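**Student:** Pasting structure.pdb here (PDB, C-alpha atoms and all ligand atoms):
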```
ATOM      1  CA  MET A   1      98.759 105.176  80.109
ATOM      2  CA  LEU A   2     102.446 104.549  80.783
ATOM      3  CA  GLN A   3     102.474 101.472  78.532
ATOM      4  CA  PRO A   4     105.867 100.152  79.686
ATOM      5  CA  ARG A   5     107.391  98.126  76.880
ATOM      6  CA  PRO A   6     109.947  95.313  76.942
ATOM      7  CA  GLY A   7     113.473  96.718  77.036
ATOM      8  CA  GLY A   8     112.159 100.237  77.811
ATOM      9  CA  VAL A   9     113.737 102.792  80.146
ATOM     10  CA  TYR A  10     111.516 104.322  82.846
ATOM     11  CA  VAL A  11     111.637 106.568  85.904
ATOM     12  CA  ASP A  12     109.303 106.097  88.854
ATOM     13  CA  ALA A  13     109.910 109.403  90.626
ATOM     14  CA  THR A  14     107.825 108.445  93.706
ATOM     15  CA  VAL A  15     108.776 104.813  94.091
ATOM     16  CA  GLY A  16     107.511 104.540  97.714
ATOM     17  CA  ALA A  17     106.747 100.930  98.599
ATOM     18  CA  GLY A  18     107.420  99.873  94.999
ATOM     19  CA  GLY A  19     103.900  98.845  93.976
ATOM     20  CA  HIS A  20     104.000 100.582  90.607
ATOM     21  CA  ALA A  21     107.701  99.789  90.211
ATOM     22  CA  ARG A  22     106.979  96.068  90.419
ATOM     23  CA  LEU A  23     104.378  96.279  87.665
ATOM     24  CA  ILE A  24     106.685  98.343  85.458
ATOM     25  CA  LEU A  25     109.513  95.832  86.007
ATOM     26  CA  GLU A  26     107.258  92.954  84.998
ATOM     27  CA  ARG A  27     106.498  94.705  81.714
ATOM     28  CA  ILE A  28     109.985  95.936  80.796
ATOM     29  CA  GLY A  29     111.645  92.597  81.505
ATOM     30  CA  PRO A  30     115.341  91.931  82.090
ATOM     31  CA  ARG A  31     116.521  94.124  79.202
ATOM     32  CA  GLY A  32     114.660  97.188  80.480
ATOM     33  CA  ARG A  33     115.851  99.707  83.080
ATOM     34  CA  LEU A  34     113.965 101.440  85.874
ATOM     35  CA  LEU A  35     115.138 104.280  88.098
ATOM     36  CA  GLY A  36     113.129 104.613  91.323
ATOM     37  CA  ILE A  37     113.404 107.828  93.316
ATOM     38  CA  ASP A  38     111.963 108.703  96.715
ATOM     39  CA  CYS A  39     112.924 111.274  99.334
ATOM     40  CA  ASP A  40     111.879 108.996 102.216
ATOM     41  CA  GLU A  41     114.754 106.854 103.400
ATOM     42  CA  ALA A  42     112.518 104.421 105.310
ATOM     43  CA  ALA A  43     110.409 103.679 102.216
ATOM     44  CA  LEU A  44     113.460 103.349 100.038
ATOM     45  CA  GLU A  45     115.223 100.968 102.411
ATOM     46  CA  ALA A  46     112.242  98.594 102.469
ATOM     47  CA  THR A  47     111.832  98.792  98.695
ATOM     48  CA  ARG A  48     115.553  98.223  98.172
ATOM     49  CA  ARG A  49     115.282  94.941 100.115
ATOM     50  CA  ALA A  50     112.071  93.914  98.359
ATOM     51  CA  LEU A  51     113.417  94.598  94.866
ATOM     52  CA  ALA A  52     116.929  93.219  95.445
ATOM     53  CA  PRO A  53     116.136  89.957  93.582
ATOM     54  CA  VAL A  54     115.366  91.945  90.441
ATOM     55  CA  GLY A  55     119.071  92.774  90.108
ATOM     56  CA  PRO A  56     120.582  95.554  88.005
ATOM     57  CA  THR A  57     117.404  96.297  86.022
ATOM     58  CA  VAL A  58     116.356  98.598  88.847
ATOM     59  CA  VAL A  59     118.328 101.476  90.395
ATOM     60  CA  LEU A  60     116.976 103.126  93.555
ATOM     61  CA  ARG A  61     118.094 106.572  94.581
ATOM     62  CA  ARG A  62     117.153 108.808  97.471
ATOM     63  CA  GLY A  63     116.327 112.297  96.287
ATOM     64  CA  ASN A  64     113.702 114.906  95.653
ATOM     65  CA  PHE A  65     111.905 114.802  92.322
ATOM     66  CA  ARG A  66     112.396 118.549  91.995
ATOM     67  CA  ASP A  67     115.918 117.468  90.906
ATOM     68  CA  LEU A  68     114.536 114.735  88.667
ATOM     69  CA  ALA A  69     116.475 115.473  85.495
ATOM     70  CA  ALA A  70     119.814 115.900  87.299
ATOM     71  CA  ILE A  71     119.371 112.718  89.373
ATOM     72  CA  ALA A  72     118.373 110.719  86.326
ATOM     73  CA  ARG A  73     121.280 111.902  84.182
ATOM     74  CA  ASP A  74     123.632 111.272  87.074
ATOM     75  CA  GLU A  75     122.427 107.657  87.106
ATOM     76  CA  GLY A  76     122.800 107.327  83.330
ATOM     77  CA  PHE A  77     119.097 107.682  82.512
ATOM     78  CA  ASP A  78     118.329 110.069  79.650
ATOM     79  CA  ALA A  79     115.822 110.170  76.787
ATOM     80  CA  VAL A  80     113.566 107.828  78.769
ATOM     81  CA  HIS A  81     110.346 106.181  77.578
ATOM     82  CA  GLY A  82     108.253 107.140  80.562
ATOM     83  CA  VAL A  83     108.126 109.011  83.866
ATOM     84  CA  LEU A  84     105.604 108.305  86.604
ATOM     85  CA  LEU A  85     104.714 110.660  89.467
ATOM     86  CA  ASP A  86     102.303 109.296  92.096
ATOM     87  CA  LEU A  87     101.996 112.279  94.410
ATOM     88  CA  GLY A  88     101.352 112.769  98.093
ATOM     89  CA  VAL A  89     102.013 110.550 101.081
ATOM     90  CA  SER A  90     102.240 106.785 100.963
ATOM     91  CA  SER A  91     100.165 104.403 103.066
ATOM     92  CA  LEU A  92     103.400 103.506 104.876
ATOM     93  CA  GLN A  93     103.874 107.119 105.909
ATOM     94  CA  LEU A  94     100.228 107.704 106.757
ATOM     95  CA  ASP A  95      99.955 104.589 108.894
ATOM     96  CA  ASP A  96     103.111 105.232 110.948
ATOM     97  CA  PRO A  97     102.066 107.465 113.887
ATOM     98  CA  GLU A  98     105.692 108.531 114.437
ATOM     99  CA  ARG A  99     105.711 110.366 111.098
ATOM    100  CA  GLY A 100     102.922 112.680 112.261
ATOM    101  CA  PHE A 101     100.855 112.682 109.046
ATOM    102  CA  SER A 102      97.621 111.316 110.455
ATOM    103  CA  PHE A 103      95.002 113.005 112.601
ATOM    104  CA  ARG A 104      93.660 109.557 113.446
ATOM    105  CA  ARG A 105      96.792 108.482 115.305
ATOM    106  CA  GLU A 106      98.590 110.320 118.054
ATOM    107  CA  GLY A 107     102.165 111.146 117.150
ATOM    108  CA  PRO A 108     104.706 113.964 117.032
ATOM    109  CA  LEU A 109     103.961 116.929 114.769
ATOM    110  CA  ASP A 110     106.506 116.023 112.133
ATOM    111  CA  MET A 111     105.046 115.536 108.591
ATOM    112  CA  ARG A 112     108.418 115.593 106.819
ATOM    113  CA  MET A 113     108.520 113.209 103.867
ATOM    114  CA  ASP A 114     112.294 113.564 103.810
ATOM    115  CA  GLN A 115     113.581 112.984 107.325
ATOM    116  CA  ARG A 116     116.555 115.269 106.596
ATOM    117  CA  GLY A 117     114.316 118.329 106.128
ATOM    118  CA  SER A 118     114.849 121.113 108.662
ATOM    119  CA  LEU A 119     111.212 122.292 108.850
ATOM    120  CA  THR A 120     108.653 120.266 110.820
ATOM    121  CA  ALA A 121     104.928 120.683 111.389
ATOM    122  CA  GLU A 122     105.706 121.430 115.025
ATOM    123  CA  GLN A 123     107.636 124.543 114.038
ATOM    124  CA  VAL A 124     104.906 125.706 111.659
ATOM    125  CA  VAL A 125     102.134 125.149 114.184
ATOM    126  CA  ASN A 126     103.934 126.752 117.127
ATOM    127  CA  ARG A 127     105.994 129.523 115.547
ATOM    128  CA  MET A 128     104.284 130.854 112.458
ATOM    129  CA  PRO A 129     102.504 134.202 112.972
ATOM    130  CA  GLU A 130      98.720 133.778 113.103
ATOM    131  CA  ARG A 131      98.010 135.681 109.868
ATOM    132  CA  GLU A 132     100.571 133.676 107.922
ATOM    133  CA  LEU A 133      99.222 130.430 109.375
ATOM    134  CA  ALA A 134      95.693 131.413 108.316
ATOM    135  CA  ARG A 135      96.973 132.214 104.820
ATOM    136  CA  VAL A 136      98.699 128.813 104.494
ATOM    137  CA  ILE A 137      95.649 126.898 105.756
ATOM    138  CA  HIS A 138      93.399 128.824 103.403
ATOM    139  CA  ALA A 139      95.628 128.593 100.331
ATOM    140  CA  LEU A 140      96.887 125.021 100.656
ATOM    141  CA  GLY A 141      93.964 123.468 102.552
ATOM    142  CA  GLN A 142      91.197 125.418 100.812
ATOM    143  CA  GLU A 143      89.739 125.695 104.315
ATOM    144  CA  ARG A 144      87.158 128.469 104.590
ATOM    145  CA  TRP A 145      87.467 128.486 108.390
ATOM    146  CA  ALA A 146      91.211 129.096 108.128
ATOM    147  CA  ALA A 147      91.239 132.330 110.154
ATOM    148  CA  ARG A 148      89.415 130.696 113.089
ATOM    149  CA  VAL A 149      91.539 127.567 112.863
ATOM    150  CA  ALA A 150      94.707 129.676 113.007
ATOM    151  CA  ARG A 151      93.353 131.633 115.997
ATOM    152  CA  PHE A 152      92.492 128.433 117.916
ATOM    153  CA  ILE A 153      95.918 126.970 117.162
ATOM    154  CA  VAL A 154      97.691 130.113 118.377
ATOM    155  CA  GLU A 155      95.566 130.247 121.548
ATOM    156  CA  ARG A 156      96.449 126.630 122.375
ATOM    157  CA  ARG A 157     100.204 126.893 121.819
ATOM    158  CA  PRO A 158     102.352 125.008 122.446
ATOM    159  CA  LEU A 159     100.795 122.075 120.516
ATOM    160  CA  ARG A 160     102.834 118.910 120.789
ATOM    161  CA  THR A 161     101.030 116.065 119.048
ATOM    162  CA  THR A 162      98.837 115.364 116.034
ATOM    163  CA  ARG A 163      95.954 114.936 118.473
ATOM    164  CA  ASP A 164      96.515 118.454 119.909
ATOM    165  CA  LEU A 165      96.329 119.821 116.371
ATOM    166  CA  ALA A 166      93.298 117.746 115.359
ATOM    167  CA  GLU A 167      91.460 118.866 118.515
ATOM    168  CA  ALA A 168      92.297 122.539 117.985
ATOM    169  CA  VAL A 169      90.936 122.372 114.437
ATOM    170  CA  ALA A 170      87.801 120.462 115.443
ATOM    171  CA  ALA A 171      87.120 123.048 118.172
ATOM    172  CA  ALA A 172      87.603 125.940 115.735
ATOM    173  CA  ILE A 173      85.097 124.758 113.119
ATOM    174  CA  PRO A 174      81.451 124.896 114.243
ATOM    175  CA  ARG A 175      79.981 121.421 114.293
ATOM    176  CA  ARG A 176      77.254 122.316 111.793
ATOM    177  CA  ALA A 177      80.010 123.199 109.291
ATOM    178  CA  TRP A 178      81.992 119.962 109.662
ATOM    179  CA  PRO A 179      82.351 118.289 106.268
ATOM    180  CA  ARG A 180      80.069 115.266 105.955
ATOM    181  CA  ASP A 181      82.565 112.747 104.629
ATOM    182  CA  LEU A 182      85.844 114.164 105.957
ATOM    183  CA  HIS A 183      87.437 114.591 109.371
ATOM    184  CA  PRO A 184      87.283 118.345 110.157
ATOM    185  CA  ALA A 185      91.095 118.453 110.438
ATOM    186  CA  THR A 186      91.706 116.939 106.973
ATOM    187  CA  ARG A 187      92.199 120.241 105.157
ATOM    188  CA  THR A 188      94.427 121.781 107.821
ATOM    189  CA  PHE A 189      96.643 118.683 107.959
ATOM    190  CA  GLN A 190      96.908 118.724 104.186
ATOM    191  CA  ALA A 191      97.872 122.404 104.171
ATOM    192  CA  ILE A 192     100.565 122.051 106.813
ATOM    193  CA  ARG A 193     101.983 118.935 105.169
ATOM    194  CA  MET A 194     102.147 120.675 101.786
ATOM    195  CA  TYR A 195     103.863 123.670 103.362
ATOM    196  CA  VAL A 196     106.386 121.582 105.317
ATOM    197  CA  ASN A 197     107.341 119.647 102.173
ATOM    198  CA  ASP A 198     107.045 122.564  99.699
ATOM    199  CA  GLU A 199     104.920 120.261  97.592
ATOM    200  CA  LEU A 200     103.603 122.557  94.864
ATOM    201  CA  ALA A 201     107.010 124.056  94.066
ATOM    202  CA  ASN A 202     108.538 120.573  93.960
ATOM    203  CA  LEU A 203     105.750 119.401  91.669
ATOM    204  CA  GLU A 204     106.323 122.222  89.176
ATOM    205  CA  ALA A 205     110.049 121.565  89.092
ATOM    206  CA  GLY A 206     109.460 117.799  88.838
ATOM    207  CA  LEU A 207     107.091 118.176  85.882
ATOM    208  CA  GLU A 208     109.604 120.408  84.121
ATOM    209  CA  GLY A 209     112.386 117.873  84.746
ATOM    210  CA  ALA A 210     110.235 115.001  83.549
ATOM    211  CA  VAL A 211     109.471 116.643  80.203
ATOM    212  CA  ASP A 212     113.182 117.465  79.752
ATOM    213  CA  LEU A 213     114.056 113.851  80.343
ATOM    214  CA  LEU A 214     111.563 112.179  78.024
ATOM    215  CA  ALA A 215     112.496 110.926  74.572
ATOM    216  CA  GLY A 216     110.131 111.798  71.700
ATOM    217  CA  GLY A 217     107.006 109.634  72.100
ATOM    218  CA  GLY A 218     107.857 109.054  75.792
ATOM    219  CA  ARG A 219     105.031 109.364  78.304
ATOM    220  CA  LEU A 220     104.515 111.395  81.462
ATOM    221  CA  VAL A 221     101.889 110.028  83.859
ATOM    222  CA  VAL A 222     100.883 111.929  86.993
ATOM    223  CA  ILE A 223      98.507 110.759  89.709
ATOM    224  CA  SER A 224      97.372 113.481  92.085
ATOM    225  CA  PHE A 225      95.058 113.448  95.045
ATOM    226  CA  HIS A 226      93.524 116.889  95.350
ATOM    227  CA  SER A 227      92.543 119.812  93.202
ATOM    228  CA  LEU A 228      95.578 122.011  93.916
ATOM    229  CA  GLU A 229      97.908 119.306  92.613
ATOM    230  CA  ASP A 230      95.656 118.377  89.728
ATOM    231  CA  GLY A 231      95.258 122.049  88.796
ATOM    232  CA  THR A 232      99.040 122.469  88.755
ATOM    233  CA  VAL A 233      99.452 119.425  86.487
ATOM    234  CA  LYS A 234      96.618 120.552  84.205
ATOM    235  CA  ARG A 235      98.001 124.086  83.765
ATOM    236  CA  PHE A 236     101.530 122.774  83.215
ATOM    237  CA  LEU A 237     100.435 120.333  80.510
ATOM    238  CA  GLU A 238      98.240 122.955  78.794
ATOM    239  CA  HIS A 239     101.161 125.366  78.734
ATOM    240  CA  GLU A 240     103.578 122.751  77.408
ATOM    241  CA  ALA A 241     101.097 121.699  74.720
ATOM    242  CA  ARG A 242     100.770 125.243  73.358
ATOM    243  CA  GLY A 243     102.854 126.955  70.716
ATOM    244  CA  CYS A 244     103.107 130.701  71.111
ATOM    245  CA  VAL A 245     102.223 131.982  74.600
ATOM    246  CA  CYS A 246     102.482 135.685  73.790
ATOM    247  CA  PRO A 247      99.667 137.907  75.160
ATOM    248  CA  PRO A 248      96.576 137.791  72.908
ATOM    249  CA  GLY A 249      96.543 140.509  70.283
ATOM    250  CA  GLN A 250     100.319 140.826  70.065
ATOM    251  CA  PRO A 251     100.933 141.111  66.310
ATOM    252  CA  VAL A 252     104.282 139.264  66.205
ATOM    253  CA  CYS A 253     105.379 136.333  68.359
ATOM    254  CA  THR A 254     108.277 137.198  70.633
ATOM    255  CA  CYS A 255     108.105 134.260  73.047
ATOM    256  CA  GLY A 256     109.416 131.555  70.746
ATOM    257  CA  HIS A 257     107.518 128.942  72.781
ATOM    258  CA  ARG A 258     107.089 125.587  71.034
ATOM    259  CA  PRO A 259     104.748 122.774  72.056
ATOM    260  CA  ARG A 260     106.656 120.004  73.834
ATOM    261  CA  VAL A 261     103.849 117.581  74.694
ATOM    262  CA  ARG A 262     100.504 116.289  73.495
ATOM    263  CA  ALA A 263      97.882 115.607  76.172
ATOM    264  CA  LEU A 264      96.609 112.018  76.272
ATOM    265  CA  THR A 265      93.828 112.796  78.750
ATOM    266  CA  ARG A 266      91.446 115.703  78.186
ATOM    267  CA  ARG A 267      89.880 115.135  81.586
ATOM    268  CA  PRO A 268      91.684 113.325  84.389
ATOM    269  CA  LEU A 269      91.010 109.590  84.672
ATOM    270  CA  ARG A 270      89.239 108.572  87.899
ATOM    271  CA  PRO A 271      89.100 105.186  89.613
ATOM    272  CA  SER A 272      86.083 103.001  88.918
ATOM    273  CA  PRO A 273      83.638 102.155  91.737
ATOM    274  CA  GLU A 274      85.182  98.639  91.805
ATOM    275  CA  GLU A 275      88.669 100.056  92.275
ATOM    276  CA  ILE A 276      87.470 102.383  95.048
ATOM    277  CA  ALA A 277      85.755  99.439  96.773
ATOM    278  CA  ALA A 278      88.974  97.392  96.587
ATOM    279  CA  ASN A 279      91.242 100.318  97.536
ATOM    280  CA  PRO A 280      89.374 103.141  99.312
ATOM    281  CA  ARG A 281      92.462 105.391  99.317
ATOM    282  CA  SER A 282      92.212 105.613  95.535
ATOM    283  CA  ARG A 283      88.914 107.491  95.769
ATOM    284  CA  SER A 284      90.292 110.987  95.217
ATOM    285  CA  ALA A 285      92.979 109.984  92.685
ATOM    286  CA  ARG A 286      93.108 111.763  89.316
ATOM    287  CA  LEU A 287      95.446 110.681  86.572
ATOM    288  CA  ARG A 288      96.692 112.876  83.714
ATOM    289  CA  ALA A 289      99.051 111.770  80.987
ATOM    290  CA  ALA A 290     100.907 113.353  78.096
ATOM    291  CA  GLU A 291     103.255 112.287  75.324
ATOM    292  CA  ARG A 292     106.519 114.084  74.521
ATOM    293  CA  LEU A 293     106.632 115.481  71.001
TER     294      LEU A 293
HETATM  295  C1  LIG B   1     101.670 107.922  96.973
HETATM  296  S1  LIG B   1     103.296 107.438  97.435
HETATM  297  C2  LIG B   1     103.851 106.452  96.117
HETATM  298  C3  LIG B   1     103.531 105.011  96.233
HETATM  299  C4  LIG B   1     104.154 104.170  95.135
HETATM  300  N1  LIG B   1     103.685 104.555  93.825
HETATM  301  C5  LIG B   1     103.915 102.688  95.369
HETATM  302  O1  LIG B   1     103.438 102.025  94.444
HETATM  303  O2  LIG B   1     104.208 102.201  96.453
HETATM  304  C6  LIG B   1     104.217 108.896  97.210
HETATM  305  C7  LIG B   1     105.681 108.775  97.532
HETATM  306  O3  LIG B   1     106.327 109.913  96.989
HETATM  307  C8  LIG B   1     107.309 110.350  97.863
HETATM  308  N2  LIG B   1     107.495 111.771  97.590
HETATM  309  C9  LIG B   1     106.620 112.765  97.794
HETATM  310  N3  LIG B   1     107.135 113.935  97.386
HETATM  311  C10 LIG B   1     108.376 113.652  96.907
HETATM  312  C11 LIG B   1     109.403 114.450  96.333
HETATM  313  N4  LIG B   1     109.266 115.766  96.171
HETATM  314  N5  LIG B   1     110.530 113.835  95.923
HETATM  315  C12 LIG B   1     110.685 112.483  96.067
HETATM  316  N6  LIG B   1     109.758 111.688  96.615
HETATM  317  C13 LIG B   1     108.604 112.269  97.016
HETATM  318  C14 LIG B   1     106.789 110.062  99.239
HETATM  319  O4  LIG B   1     107.859 109.918 100.154
HETATM  320  C15 LIG B   1     106.027 108.752  99.005
HETATM  321  O5  LIG B   1     106.820 107.644  99.306
END
```
Show me the file's structure as structure tokens.
**Tutor:**
Amino acid sequence: MLQPRPGGVYVDATVGAGGHARLILERIGPRGRLLGIDCDEAALEATRRALAPVGPTVVLRRGNFRDLAAIARDEGFDAVHGVLLDLGVSSLQLDDPERGFSFRREGPLDMRMDQRGSLTAEQVVNRMPERELARVIHALGQERWAARVARFIVERRPLRTTRDLAEAVAAAIPRRAWPRDLHPATRTFQAIRMYVNDELANLEAGLEGAVDLLAGGGRLVVISFHSLEDGTVKRFLEHEARGCVCPPGQPVCTCGHRPRVRALTRRPLRPSPEEIAANPRSRSARLRAAERL
């Protein structure tokens, strides 16, 4: 969907361990340019070392993709041919117990993607009022047992580790209601992580910045991993693809809205069974793409 072309200019706004970046670099060749952005210093450091041999074709910058357009222009990238967003946590982050993302490994309740962030999961879990906690777990985790989960968390305070949190959640949800193919704490961990990192607000700002940055015919490709993200991307692209967005029945247009993109995917693309077998973490991925008008 991104179709990187020789000599093209691209932004990988979630460069992580550089897997996609490497493939883009192969396609754009030595005359192309790639800007890689990530908010996680550890990921960026490793990727900087790994991509050093590529030379000046690639620029890596620590930052949040909510500031995508400003970062890119600051680095001399404008009117680009493509922007990629591969959302969520990386395998590096998930597999490092010290980062606190995983309920399978004991670690501190951290969950910050950007280690400079001031809010941690520990603060959310131990300080947020019960009703607010229930609201967050319900809204961002789509967890129907959110009220009970919040009550169990509050009763067990202070919680110190990812295991404390996973156990509180597992105790709160009756065993008969445990999801069949998911750990019972999956949704609560997702909700707290999204809250700590302000993920949906960042995504909206990042999508806006990406469309601003694209040249006509340039492509935006977004890979998301759950329905809240995918829904945000879908609504954004539908809105950007429309002309007038005045309320129905209004006789004269007053909004002046013009379509800025054309969707390339009517439904999100999903991984094939072969891809899921080779890379089980791809199983919930959904890809949407659009072209700048
Ligand atoms: C799924 S991983 C990307 C993996 C990458 N495509 C690769 O091939 O290795 C998502 C990455 O996005 C980063 N990230 C998440 N939200 C971000 C944000 N708002 N701004 C910048 N980076 C972000 C995470 O730190 C993580 O490294």
**Student:** All residues within 9 Å of ligand LIG 1 (chain B) are required, counting all atoms listed in the file; please report them as a PDB file with C-alpha atoms, in the frame of the given file.
**Tutor:**
```
ATOM      1  CA  ASP A  12     109.303 106.097  88.854  1.00  0.00           C
ATOM      2  CA  ALA A  13     109.910 109.403  90.626  1.00  0.00           C
ATOM      3  CA  THR A  14     107.825 108.445  93.706  1.00  0.00           C
ATOM      4  CA  VAL A  15     108.776 104.813  94.091  1.00  0.00           C
ATOM      5  CA  GLY A  16     107.511 104.540  97.714  1.00  0.00           C
ATOM      6  CA  ALA A  17     106.747 100.930  98.599  1.00  0.00           C
ATOM      7  CA  GLY A  18     107.420  99.873  94.999  1.00  0.00           C
ATOM      8  CA  GLY A  19     103.900  98.845  93.976  1.00  0.00           C
ATOM      9  CA  HIS A  20     104.000 100.582  90.607  1.00  0.00           C
ATOM     10  CA  ALA A  21     107.701  99.789  90.211  1.00  0.00           C
ATOM     11  CA  ARG A  22     106.979  96.068  90.419  1.00  0.00           C
ATOM     12  CA  LEU A  23     104.378  96.279  87.665  1.00  0.00           C
ATOM     13  CA  ILE A  37     113.404 107.828  93.316  1.00  0.00           C
ATOM     14  CA  ASP A  38     111.963 108.703  96.715  1.00  0.00           C
ATOM     15  CA  CYS A  39     112.924 111.274  99.334  1.00  0.00           C
ATOM     16  CA  ASP A  40     111.879 108.996 102.216  1.00  0.00           C
ATOM     17  CA  GLU A  41     114.754 106.854 103.400  1.00  0.00           C
ATOM     18  CA  ALA A  42     112.518 104.421 105.310  1.00  0.00           C
ATOM     19  CA  ALA A  43     110.409 103.679 102.216  1.00  0.00           C
ATOM     20  CA  LEU A  44     113.460 103.349 100.038  1.00  0.00           C
ATOM     21  CA  THR A  47     111.832  98.792  98.695  1.00  0.00           C
ATOM     22  CA  ARG A  62     117.153 108.808  97.471  1.00  0.00           C
ATOM     23  CA  GLY A  63     116.327 112.297  96.287  1.00  0.00           C
ATOM     24  CA  ASN A  64     113.702 114.906  95.653  1.00  0.00           C
ATOM     25  CA  PHE A  65     111.905 114.802  92.322  1.00  0.00           C
ATOM     26  CA  ARG A  66     112.396 118.549  91.995  1.00  0.00           C
ATOM     27  CA  ASP A  67     115.918 117.468  90.906  1.00  0.00           C
ATOM     28  CA  LEU A  68     114.536 114.735  88.667  1.00  0.00           C
ATOM     29  CA  LEU A  84     105.604 108.305  86.604  1.00  0.00           C
ATOM     30  CA  LEU A  85     104.714 110.660  89.467  1.00  0.00           C
ATOM     31  CA  ASP A  86     102.303 109.296  92.096  1.00  0.00           C
ATOM     32  CA  LEU A  87     101.996 112.279  94.410  1.00  0.00           C
ATOM     33  CA  GLY A  88     101.352 112.769  98.093  1.00  0.00           C
ATOM     34  CA  VAL A  89     102.013 110.550 101.081  1.00  0.00           C
ATOM     35  CA  SER A  90     102.240 106.785 100.963  1.00  0.00           C
ATOM     36  CA  SER A  91     100.165 104.403 103.066  1.00  0.00           C
ATOM     37  CA  LEU A  92     103.400 103.506 104.876  1.00  0.00           C
ATOM     38  CA  GLN A  93     103.874 107.119 105.909  1.00  0.00           C
ATOM     39  CA  ARG A 112     108.418 115.593 106.819  1.00  0.00           C
ATOM     40  CA  MET A 113     108.520 113.209 103.867  1.00  0.00           C
ATOM     41  CA  ASP A 114     112.294 113.564 103.810  1.00  0.00           C
ATOM     42  CA  ASN A 197     107.341 119.647 102.173  1.00  0.00           C
ATOM     43  CA  ASP A 198     107.045 122.564  99.699  1.00  0.00           C
ATOM     44  CA  GLU A 199     104.920 120.261  97.592  1.00  0.00           C
ATOM     45  CA  LEU A 200     103.603 122.557  94.864  1.00  0.00           C
ATOM     46  CA  ALA A 201     107.010 124.056  94.066  1.00  0.00           C
ATOM     47  CA  ASN A 202     108.538 120.573  93.960  1.00  0.00           C
ATOM     48  CA  LEU A 203     105.750 119.401  91.669  1.00  0.00           C
ATOM     49  CA  GLY A 206     109.460 117.799  88.838  1.00  0.00           C
ATOM     50  CA  ILE A 223      98.507 110.759  89.709  1.00  0.00           C
ATOM     51  CA  SER A 224      97.372 113.481  92.085  1.00  0.00           C
ATOM     52  CA  PHE A 225      95.058 113.448  95.045  1.00  0.00           C
TER      53      PHE A 225
END
```
**Student:** Quick one: apply the PyMOL selection byres (((chain A and resi 82) around 8) and not hetatm) to the file and drop the selected residues here as a ChimeraX atom specification.
**Tutor:** /A:2,4,9-11,80-81,83-84,214,218-221
**Student:** Evaluate the PyMOL selection byres (((chain A and resi 261) around 7) and not hetatm) on the structure here and hand back the selected residues as a list in words.
**Tutor:**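 Selected by the PyMOL selection byres (((chain A and resi 261) around 7) and not hetatm) in this file: Glu240, Ala241, Pro259, Arg260, Arg262, Ala263, Ala290, Glu291, Arg292 and Leu293 of chain A.
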**Student:** Include C-alpha atoms and write out the residues we just selected as a PDB file, in the frame of the given file.
**Tutor:**
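Written output follows (selection.pdb):
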```
ATOM      1  CA  GLU A 240     103.578 122.751  77.408  1.00  0.00           C
ATOM      2  CA  ALA A 241     101.097 121.699  74.720  1.00  0.00           C
ATOM      3  CA  PRO A 259     104.748 122.774  72.056  1.00  0.00           C
ATOM      4  CA  ARG A 260     106.656 120.004  73.834  1.00  0.00           C
ATOM      5  CA  ARG A 262     100.504 116.289  73.495  1.00  0.00           C
ATOM      6  CA  ALA A 263      97.882 115.607  76.172  1.00  0.00           C
ATOM      7  CA  ALA A 290     100.907 113.353  78.096  1.00  0.00           C
ATOM      8  CA  GLU A 291     103.255 112.287  75.324  1.00  0.00           C
ATOM      9  CA  ARG A 292     106.519 114.084  74.521  1.00  0.00           C
ATOM     10  CA  LEU A 293     106.632 115.481  71.001  1.00  0.00           C
TER      11      LEU A 293
END
```
**Student:** Which value, in Å to one decimal, gives the distance between CA of Gly231 (chain A) and CA of Arg127 (chain A)?
**Tutor:** 29.8 Å
**Student:** Given the file shown, determine the residues that the PyMOL selection byres (((chain A and resi 107) around 8) and not hetatm) selects; report them as a PyMOL selection string.
**Tutor:** chain A and resi 97-100+105-106+108-109+161-163
**Student:** Taking C-alpha atoms for each residue, export the selection above as a PDB file, keeping the file's coordinate frame.
**Tutor:**
```pdb
ATOM      1  CA  PRO A  97     102.066 107.465 113.887  1.00  0.00           C
ATOM      2  CA  GLU A  98     105.692 108.531 114.437  1.00  0.00           C
ATOM      3  CA  ARG A  99     105.711 110.366 111.098  1.00  0.00           C
ATOM      4  CA  GLY A 100     102.922 112.680 112.261  1.00  0.00           C
ATOM      5  CA  ARG A 105      96.792 108.482 115.305  1.00  0.00           C
ATOM      6  CA  GLU A 106      98.590 110.320 118.054  1.00  0.00           C
ATOM      7  CA  PRO A 108     104.706 113.964 117.032  1.00  0.00           C
ATOM      8  CA  LEU A 109     103.961 116.929 114.769  1.00  0.00           C
ATOM      9  CA  THR A 161     101.030 116.065 119.048  1.00  0.00           C
ATOM     10  CA  THR A 162      98.837 115.364 116.034  1.00  0.00           C
ATOM     11  CA  ARG A 163      95.954 114.936 118.473  1.00  0.00           C
TER      12      ARG A 163
END
```
**Student:** Enter the distance from CA of Gly32 (chain A) to CA of Val59 (chain A), in Å, rounded to one decimal.
**Tutor:**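 Interatomic distance, CA of Gly32 (chain A) to CA of Val59 (chain A): 11.4 Å.
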**Student:** Would you compute the box with edges along x, y and z of the file around region 244-262 of chain A, including every atom the file lists for it and 8 Å extra on each side, and give its centre and edge lengths in Å to one decimal, as JSON?
**Tutor:**
```
{"center_x": 103.0, "center_y": 128.7, "center_z": 70.7, "size_x": 28.9, "size_y": 40.8, "size_z": 25.0}
```
**Student:** Pick from A:Pro158, A:Gly141, A:Gly216, A:Gly117: nearest to Met194 (chain A), with only C-alpha atoms counted?
**Tutor:** A:Gly141
**Student:** Looking at A:Arg286, A:Arg116, A:His226, A:His257, which one is nearest to Val245 (chain A), with distances taken over all atoms listed in the file?
**Tutor:**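 Among A:Arg286, A:Arg116, A:His226, A:His257, it is A:His257 that comes nearest to Val245 (chain A).
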**Student:** Rounded to one decimal place, report the CA of Ala171 (chain A)-CA of Val149 (chain A) distance in Å.
**Tutor:**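 For CA of Ala171 (chain A) relative to CA of Val149 (chain A), the distance reads 8.3 Å.
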